[in-house]
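S.K.: After the structure tokens below, expect a handful of questions from me.
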Amino acid sequence: MAGARLVTDDTPRGIVQVLATGIGRVFISLVVPIVAFLVLWAGFLFLRDAQAPKVVIVVVAIVWGVGGTALLYVVSNWLVEKLPATWRNRVLPFVFVGPAFAILTFYLLVPAILTIINSFRDATSSQWIGLDNYAYAFTNPDMLTAIRNNVLWLVLGTVFSTGLGLAIAVLADRSKLDRVVKTLIFLPMAISFVGAAIIWRFVFSYQPEGQPQIGLLNGILSTFGIAPQSWLTVEPFNTLFIIIILVWGQAGFAMVILSAALKGVPDEMLEAGRIDGATEWQIFRRIILPTVWPTVVTVATTIAILTLKIFDIVQTMTGGNFGTNVIATLQYKQMFTFFDYGRGSALAVILLIAVTPVMWYNLRQFRSRGM
Amino acid sequence: MKTSRTSLVLVNGTVILLAAIWTIPTLGLFITSFRTKAAITESGWWTVLTNPHGGFSLDNYQNVIFGGDGLGTAFLNTLAVTIPAVVIPILIAAFAAYGFAWMSFPGKRILFITVVALLVVPLQISLIPILKAYLAVNLNGTFLAIWLAHAGFGLALATYLLYNYISQLPKDILESAYIDGASHFQTFTRLILPLSTPALASFAIFQFLWVWNDLLVAQTFLGTNKDVAVMTSRLLNIVGSRGQDWQLLTAGAFVSMLVPVAVFLALQRFFVRGMMAGSVKG
């Protein structure tokens, strides 16, 4: 990024005078962006078609990605600084904000509009079919199962992750072991849902009765002489067992954030409660909970959004079999197995509609805060 | 404090029990990843604790990394995907955040409102149109395709978080820079970027874990071809085709967890901050 300064400050005087002439300026203003563009284009082609060893690609990727992005800003800033002051002040903000907005437009804004349009068209997006895709989404038995499962995920996943997180945060704060305990419970947060699903497939693993059980749960059952259970194939309980994996992963997230909120409860209020003879439960219910409630809502909202879009866990655990599909796994199936872009789009729009209350809330918060 | 001795024991007991429940599944997988295929199917992993009778080997790791499943290649692919997919959006978002925080221009408010609205948009809404666009320019299945996709999906959150931080920086520092004749560009590179290191680091770790652990974006834009597929894709493939080969799955899962868990343990403070700030990603 030091390049911009080199060009403007340290160039020898003689050259500067030549460039100061109108023709020189125009020439340079054209050449620099063209050269920059060519360099980036060459990098793009190399990365798109590269056959080089992986390490080389990674290094080029980092240099191109980071350097190229920086180069774009340096060149456009350099160009804008050539403009007269009034125009410079008008254009410069768009040099800063423009690239981000262009990417957001290309990757979210325009696709969202296209997806909404395609959700009213057929599998290949060639004909208008009205609300047929939505009619399918709300009548097809697989879809109804998926919607039911998503509601289970939304309610149980959110309530148990947040509730357990809060309980552990409260308990750990009163224990001397809080650091170790919190790290152990938070750790699953770093593990991918695919990894988590493999961990738990092993816990739920089932062998027919009489064979050695290698899954933890059936191992426990067999020591009590109870017949092994096939946890993942019995609808709708299998979805409940899969939700446990989400709770295992997300309770740590809830715990850490709520634990920070708990530190914000004023000690004087707790002391006052104790002096008045309140029990620990009353103190929790009447003093602690109301104080941290806004944080509880934030955490619950975050986990709720996650449960609506849940995909990886289900895909890895059962692939959506045995009635465990959710909207996102069916959407994936419509896209890549049936190549029905109309239905796939309609399912994506349903997910979008499901998060609009949160979007609306965020916008209201922003409006009340101002800019 | 009137916390009695018994209630302290009760609290500690509960907390230890919970930590144990949280850790045992991972421990089981870890132990299993060092057992031979025969040992895994003959007895539960917990029998090892009372009767460490052999049946251990490092072959699982050797097979899974260098063998036909090529998780070693997948590991490199994941690195190749993750590093640029973290750095590119941060740089772009930092510029935008500075623009929103310290420059005035027409349409600023409506542009920023769009960023806020896009925060929770589920990325599923974008998959089909972007896939079509990528296929049209022959970009699908390349690293470039997935970097840009991750940059696009992470950008709203990155801009929002960095705006929150950069707009809170003390006004006088910036004003004295302007008075000294610094341009916006110089102020940004010399002053704002260094001052924003904590926010940049928090988002970097958040995005790192998100990209490293992602499955859906990788499956869609990079695909399952062994040359480019990331670890989550490869693991899903093994689950689907050979779900009973626990010796591969357990070792493979551990290889994939190694980096994020190390990052997590080393940078827990930043991680927590990133989590707290970034708890609304779409």
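Identifiers in this document derive from the order of the structure tokens: chains are assigned A, B, ..., residues are numbered from 1 separately in each chain, and ligands are numbered from 1 in order of occurrence.
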Where does chain B meet chain A within 6 Å, residue by residue, with the nearest atom pair and distance in Å to one decimal for each, counting only C-alpha atoms, listed by chain and rising number, as a tab-separated table?
M.R.:
```
residue	atom	partner	partner_atom	distance
B:Asn12	CA	A:Ser175	CA	5.7
B:Ala19	CA	A:Val181	CA	5.6
B:Trp22	CA	A:Ile185	CA	5.9
B:Leu29	CA	A:Ile199	CA	6.0
B:Ser43	CA	A:Pro212	CA	5.9
B:Gly44	CA	A:Ile214	CA	4.1
B:Ala80	CA	A:Val58	CA	5.1
B:Pro84	CA	A:Ile62	CA	5.5
B:Ile88	CA	A:Val66	CA	5.8
B:Ile92	CA	A:Ala100	CA	5.8
B:Phe95	CA	A:Phe96	CA	5.0
B:Ala96	CA	A:Val97	CA	4.1
B:Gly99	CA	A:Phe96	CA	5.4
B:Ala117	CA	A:Met359	CA	5.7
B:Gln124	CA	A:Ala348	CA	5.6
B:Ile125	CA	A:Ala348	CA	5.0
B:Ser126	CA	A:Pro111	CA	4.9
B:Pro129	CA	A:Pro111	CA	5.4
B:Thr142	CA	A:Arg48	CA	6.0
B:Gly152	CA	A:Tyr107	CA	5.4
B:Asn213	CA	A:Ser192	CA	4.5
B:Leu236	CA	A:Thr316	CA	5.9
B:Ala253	CA	A:Gly195	CA	5.3
B:Met257	CA	A:Ile191	CA	5.8
B:Pro260	CA	A:Ala190	CA	5.6
B:Val261	CA	A:Ala190	CA	5.6
B:Ser279	CA	A:Thr302	CA	5.8
B:Val280	CA	A:Thr302	CA	5.5
```
S.K.: Write the residues of the selection above to a file with C-alpha atoms, as a PDB file, in the first residue's frame.
M.R.:
```
ATOM      1  CA  ASN B  12     -18.984 -28.405  41.966  1.00  0.00           C
ATOM      2  CA  ALA B  19     -18.057 -31.063  31.820  1.00  0.00           C
ATOM      3  CA  TRP B  22     -19.556 -32.709  27.264  1.00  0.00           C
ATOM      4  CA  LEU B  29     -13.721 -40.687  19.221  1.00  0.00           C
ATOM      5  CA  SER B  43     -15.503 -53.988  21.956  1.00  0.00           C
ATOM      6  CA  GLY B  44     -16.597 -50.500  22.994  1.00  0.00           C
ATOM      7  CA  ALA B  80      -6.034 -22.890   0.321  1.00  0.00           C
ATOM      8  CA  PRO B  84      -7.786 -15.948   1.220  1.00  0.00           C
ATOM      9  CA  ILE B  88     -10.099 -10.690   1.259  1.00  0.00           C
ATOM     10  CA  ILE B  92     -12.769  -4.839   1.634  1.00  0.00           C
ATOM     11  CA  PHE B  95     -12.399   0.182   3.635  1.00  0.00           C
ATOM     12  CA  ALA B  96     -16.185   0.208   3.584  1.00  0.00           C
ATOM     13  CA  GLY B  99     -16.158   5.108   4.449  1.00  0.00           C
ATOM     14  CA  ALA B 117     -30.712  -5.905   6.371  1.00  0.00           C
ATOM     15  CA  GLN B 124     -29.268 -20.557   0.704  1.00  0.00           C
ATOM     16  CA  ILE B 125     -31.069 -17.753  -1.123  1.00  0.00           C
ATOM     17  CA  SER B 126     -27.941 -17.112  -3.223  1.00  0.00           C
ATOM     18  CA  PRO B 129     -28.165 -17.843  -9.028  1.00  0.00           C
ATOM     19  CA  THR B 142     -12.156 -23.405  -8.544  1.00  0.00           C
ATOM     20  CA  GLY B 152     -19.644 -12.201  -0.307  1.00  0.00           C
ATOM     21  CA  ASN B 213     -15.900 -25.744   9.237  1.00  0.00           C
ATOM     22  CA  LEU B 236     -19.247 -36.448   4.410  1.00  0.00           C
ATOM     23  CA  ALA B 253     -12.562 -36.255  12.014  1.00  0.00           C
ATOM     24  CA  MET B 257     -10.513 -30.679  14.099  1.00  0.00           C
ATOM     25  CA  PRO B 260      -9.659 -25.050  14.592  1.00  0.00           C
ATOM     26  CA  VAL B 261      -9.246 -26.506  18.073  1.00  0.00           C
ATOM     27  CA  SER B 279     -23.614 -13.550  16.852  1.00  0.00           C
ATOM     28  CA  VAL B 280     -25.971 -12.620  14.037  1.00  0.00           C
TER      29      VAL B 280
END
```
S.K.: Find the residues near region 208-210 of chain B: any atom within 8 Å, counting only C-alpha atoms, skip ones fewer than 2 places away on the same chain, and give them as a PDB file with N, CA, C and O atoms, in the first residue's frame.
M.R.:
```pdb
ATOM      1  N   ALA A 190     -15.625 -25.022  18.395  1.00  0.00           N
ATOM      2  CA  ALA A 190     -14.571 -24.944  17.381  1.00  0.00           C
ATOM      3  C   ALA A 190     -14.646 -26.108  16.397  1.00  0.00           C
ATOM      4  O   ALA A 190     -13.966 -26.103  15.389  1.00  0.00           O
TER       5      ALA A 190
ATOM      6  N   THR B  82      -9.304 -21.427   2.965  1.00  0.00           N
ATOM      7  CA  THR B  82      -9.598 -20.621   4.142  1.00  0.00           C
ATOM      8  C   THR B  82      -8.824 -19.308   4.182  1.00  0.00           C
ATOM      9  O   THR B  82      -9.423 -18.255   4.440  1.00  0.00           O
ATOM     10  N   ILE B  83      -7.509 -19.340   3.946  1.00  0.00           N
ATOM     11  CA  ILE B  83      -6.713 -18.127   4.182  1.00  0.00           C
ATOM     12  C   ILE B  83      -7.194 -16.951   3.326  1.00  0.00           C
ATOM     13  O   ILE B  83      -7.546 -15.902   3.874  1.00  0.00           O
ATOM     14  N   VAL B  86     -10.548 -15.549   4.281  1.00  0.00           N
ATOM     15  CA  VAL B  86     -10.591 -14.745   5.498  1.00  0.00           C
ATOM     16  C   VAL B  86     -10.045 -13.344   5.215  1.00  0.00           C
ATOM     17  O   VAL B  86     -10.636 -12.345   5.620  1.00  0.00           O
ATOM     18  N   ALA B 204     -11.427 -11.960  12.034  1.00  0.00           N
ATOM     19  CA  ALA B 204     -10.609 -12.940  11.319  1.00  0.00           C
ATOM     20  C   ALA B 204     -10.818 -14.333  11.908  1.00  0.00           C
ATOM     21  O   ALA B 204     -10.986 -15.307  11.171  1.00  0.00           O
ATOM     22  N   ILE B 205     -10.817 -14.438  13.227  1.00  0.00           N
ATOM     23  CA  ILE B 205     -10.963 -15.753  13.846  1.00  0.00           C
ATOM     24  C   ILE B 205     -12.364 -16.303  13.623  1.00  0.00           C
ATOM     25  O   ILE B 205     -12.558 -17.478  13.309  1.00  0.00           O
ATOM     26  N   PHE B 206     -13.346 -15.423  13.736  1.00  0.00           N
ATOM     27  CA  PHE B 206     -14.722 -15.832  13.496  1.00  0.00           C
ATOM     28  C   PHE B 206     -14.879 -16.389  12.083  1.00  0.00           C
ATOM     29  O   PHE B 206     -15.390 -17.491  11.873  1.00  0.00           O
ATOM     30  N   TRP B 212     -13.476 -22.668   7.662  1.00  0.00           N
ATOM     31  CA  TRP B 212     -12.841 -23.976   7.857  1.00  0.00           C
ATOM     32  C   TRP B 212     -13.884 -25.058   8.092  1.00  0.00           C
ATOM     33  O   TRP B 212     -13.784 -26.172   7.591  1.00  0.00           O
ATOM     34  N   ASN B 213     -14.907 -24.744   8.859  1.00  0.00           N
ATOM     35  CA  ASN B 213     -15.900 -25.744   9.237  1.00  0.00           C
ATOM     36  C   ASN B 213     -17.075 -25.821   8.277  1.00  0.00           C
ATOM     37  O   ASN B 213     -17.952 -26.658   8.444  1.00  0.00           O
ATOM     38  N   ASP B 214     -17.108 -24.936   7.285  1.00  0.00           N
ATOM     39  CA  ASP B 214     -18.252 -24.881   6.378  1.00  0.00           C
ATOM     40  C   ASP B 214     -18.365 -26.142   5.528  1.00  0.00           C
ATOM     41  O   ASP B 214     -17.372 -26.715   5.092  1.00  0.00           O
ATOM     42  N   PRO B 260      -8.744 -25.948  13.882  1.00  0.00           N
ATOM     43  CA  PRO B 260      -9.659 -25.050  14.592  1.00  0.00           C
ATOM     44  C   PRO B 260      -9.557 -25.166  16.110  1.00  0.00           C
ATOM     45  O   PRO B 260      -9.648 -24.143  16.805  1.00  0.00           O
TER      46      PRO B 260
END
```
S.K.: In region 26-188 of chain B, what's helix (DSSP H, G or I) per DSSP? Answer as a PyMOL selection string?
M.R.: chain B and resi 26-32+37-42+47-50+59-66+71-102+108-118+124-136+143-166+171-179+184-188
S.K.: Ranking A:Phe120, A:Phe138, A:Phe322, A:Trp41 by minimum distance to Thr239 (chain A) and counting only C-alpha atoms, which one comes first?
M.R.: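 For Thr239 (chain A), the nearest of the given residues is A:Phe322.
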S.K.: Have a look at B:Phe30, B:Phe100, B:Trp45, B:Phe221 and name the one nearest to Tyr61 (chain B); count only C-alpha atoms.
M.R.: B:Phe30
S.K.: Closest to Asn321 (chain A) among B:Phe66, B:Gly240, B:Arg234, B:Ile21, using only C-alpha atoms?
M.R.: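 Comparing B:Phe66, B:Gly240, B:Arg234, B:Ile21 against Asn321 (chain A), the winner is B:Gly240.
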S.K.: Suppose you want the space between CA of Leu144 (chain A) and CA of Lys333 (chain A); what is it in Å?
M.R.: 15.3 Å
S.K.: For Thr73 (chain B), work out the shell of residues within 8 Å, counting only C-alpha atoms and skipping chain neighbours fewer than 3 positions away, then give it as a PyMOL selection string.
M.R.: chain B and resi 65+70+76-77+226-227
S.K.: Give me a file of those residues, with N, CA, C and O atoms, as a short mmCIF file (atom, residue, chain, number, x, y, z; two decimals), in the first residue's frame.
M.R.:
```
data_model
loop_
_atom_site.label_atom_id
_atom_site.label_comp_id
_atom_site.auth_asym_id
_atom_site.auth_seq_id
_atom_site.Cartn_x
_atom_site.Cartn_y
_atom_site.Cartn_z
N ILE B 65 -4.58 -40.05 5.91
CA ILE B 65 -3.88 -38.87 5.37
C ILE B 65 -3.25 -39.18 4.03
O ILE B 65 -3.39 -38.41 3.08
N GLY B 70 -7.22 -39.58 0.74
CA GLY B 70 -6.54 -38.32 0.49
C GLY B 70 -6.93 -37.17 1.38
O GLY B 70 -7.10 -36.05 0.93
N LEU B 76 -4.75 -29.61 2.74
CA LEU B 76 -4.14 -28.50 1.99
C LEU B 76 -5.21 -27.67 1.28
O LEU B 76 -5.14 -26.43 1.27
N ASN B 77 -6.18 -28.36 0.69
CA ASN B 77 -7.26 -27.64 0.02
C ASN B 77 -8.00 -26.72 0.98
O ASN B 77 -8.34 -25.59 0.65
N LYS B 226 -11.89 -34.90 -5.73
CA LYS B 226 -10.83 -35.05 -4.73
C LYS B 226 -9.71 -34.02 -4.84
O LYS B 226 -9.07 -33.68 -3.86
N ASP B 227 -9.46 -33.52 -6.06
CA ASP B 227 -8.37 -32.57 -6.25
C ASP B 227 -8.59 -31.27 -5.49
O ASP B 227 -7.65 -30.62 -5.06
#
```
S.K.: May I ask which of the residues B:Leu174, B:Ala145, B:Ala151, B:Val87 is the closest one to Met103 (chain B), counting only C-alpha atoms?
M.R.: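 Of all the options, B:Leu174 lies closest to Met103 (chain B).
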S.K.: Could you pull the residues within 8 Å of Leu161 (chain B), counting only C-alpha atoms, minus those fewer than 2 positions along the same chain, as a list in words?
M.R.: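 With the cut-off at 8 Å, the set is Leu157, Ala158, Thr159, Tyr163, Asn164, Tyr165, Ala199, Phe203, Ala277 and Gly278 of chain B.
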S.K.: Got time to write the residues from that selection, N, CA, C and O atoms, as a compact mmCIF listing (two decimals), in the first residue's frame?
M.R.:
```txt
# COMPACT_ATOMS: atom_id res chain seq x y z
N LEU B 157 -21.53 -8.97 7.58
CA LEU B 157 -21.17 -9.02 8.99
C LEU B 157 -19.85 -8.29 9.24
O LEU B 157 -19.73 -7.51 10.19
N ALA B 158 -18.87 -8.52 8.38
CA ALA B 158 -17.56 -7.88 8.56
C ALA B 158 -17.70 -6.36 8.53
O ALA B 158 -17.16 -5.67 9.40
N THR B 159 -18.45 -5.85 7.56
CA THR B 159 -18.62 -4.40 7.46
C THR B 159 -19.31 -3.86 8.71
O THR B 159 -18.90 -2.84 9.27
N TYR B 163 -17.50 -1.46 11.25
CA TYR B 163 -18.09 -0.12 11.38
C TYR B 163 -18.31 0.21 12.85
O TYR B 163 -17.98 1.30 13.32
N ASN B 164 -18.89 -0.75 13.59
CA ASN B 164 -19.13 -0.51 15.01
C ASN B 164 -17.85 -0.12 15.73
O ASN B 164 -17.85 0.74 16.61
N TYR B 165 -16.76 -0.74 15.35
CA TYR B 165 -15.49 -0.46 16.03
C TYR B 165 -14.88 0.85 15.54
O TYR B 165 -14.53 1.72 16.32
N ALA B 199 -10.39 -5.54 16.50
CA ALA B 199 -11.62 -5.87 15.77
C ALA B 199 -11.32 -6.73 14.56
O ALA B 199 -12.04 -7.69 14.27
N PHE B 203 -12.78 -10.59 14.01
CA PHE B 203 -13.54 -11.05 12.84
C PHE B 203 -12.75 -12.12 12.10
O PHE B 203 -13.35 -13.08 11.59
N ALA B 277 -19.52 -10.41 19.20
CA ALA B 277 -19.86 -9.37 18.24
C ALA B 277 -20.56 -9.97 17.04
O ALA B 277 -21.40 -9.34 16.43
N GLY B 278 -20.20 -11.21 16.71
CA GLY B 278 -20.65 -11.76 15.44
C GLY B 278 -21.82 -12.71 15.56
O GLY B 278 -22.01 -13.57 14.72
```
S.K.: Can you measure CA of Leu217 (chain A) to CA of Leu215 (chain B) for me? One decimal in Å is fine.
M.R.: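 According to the coordinates, CA of Leu217 (chain A) and CA of Leu215 (chain B) are separated by 27.4 Å.
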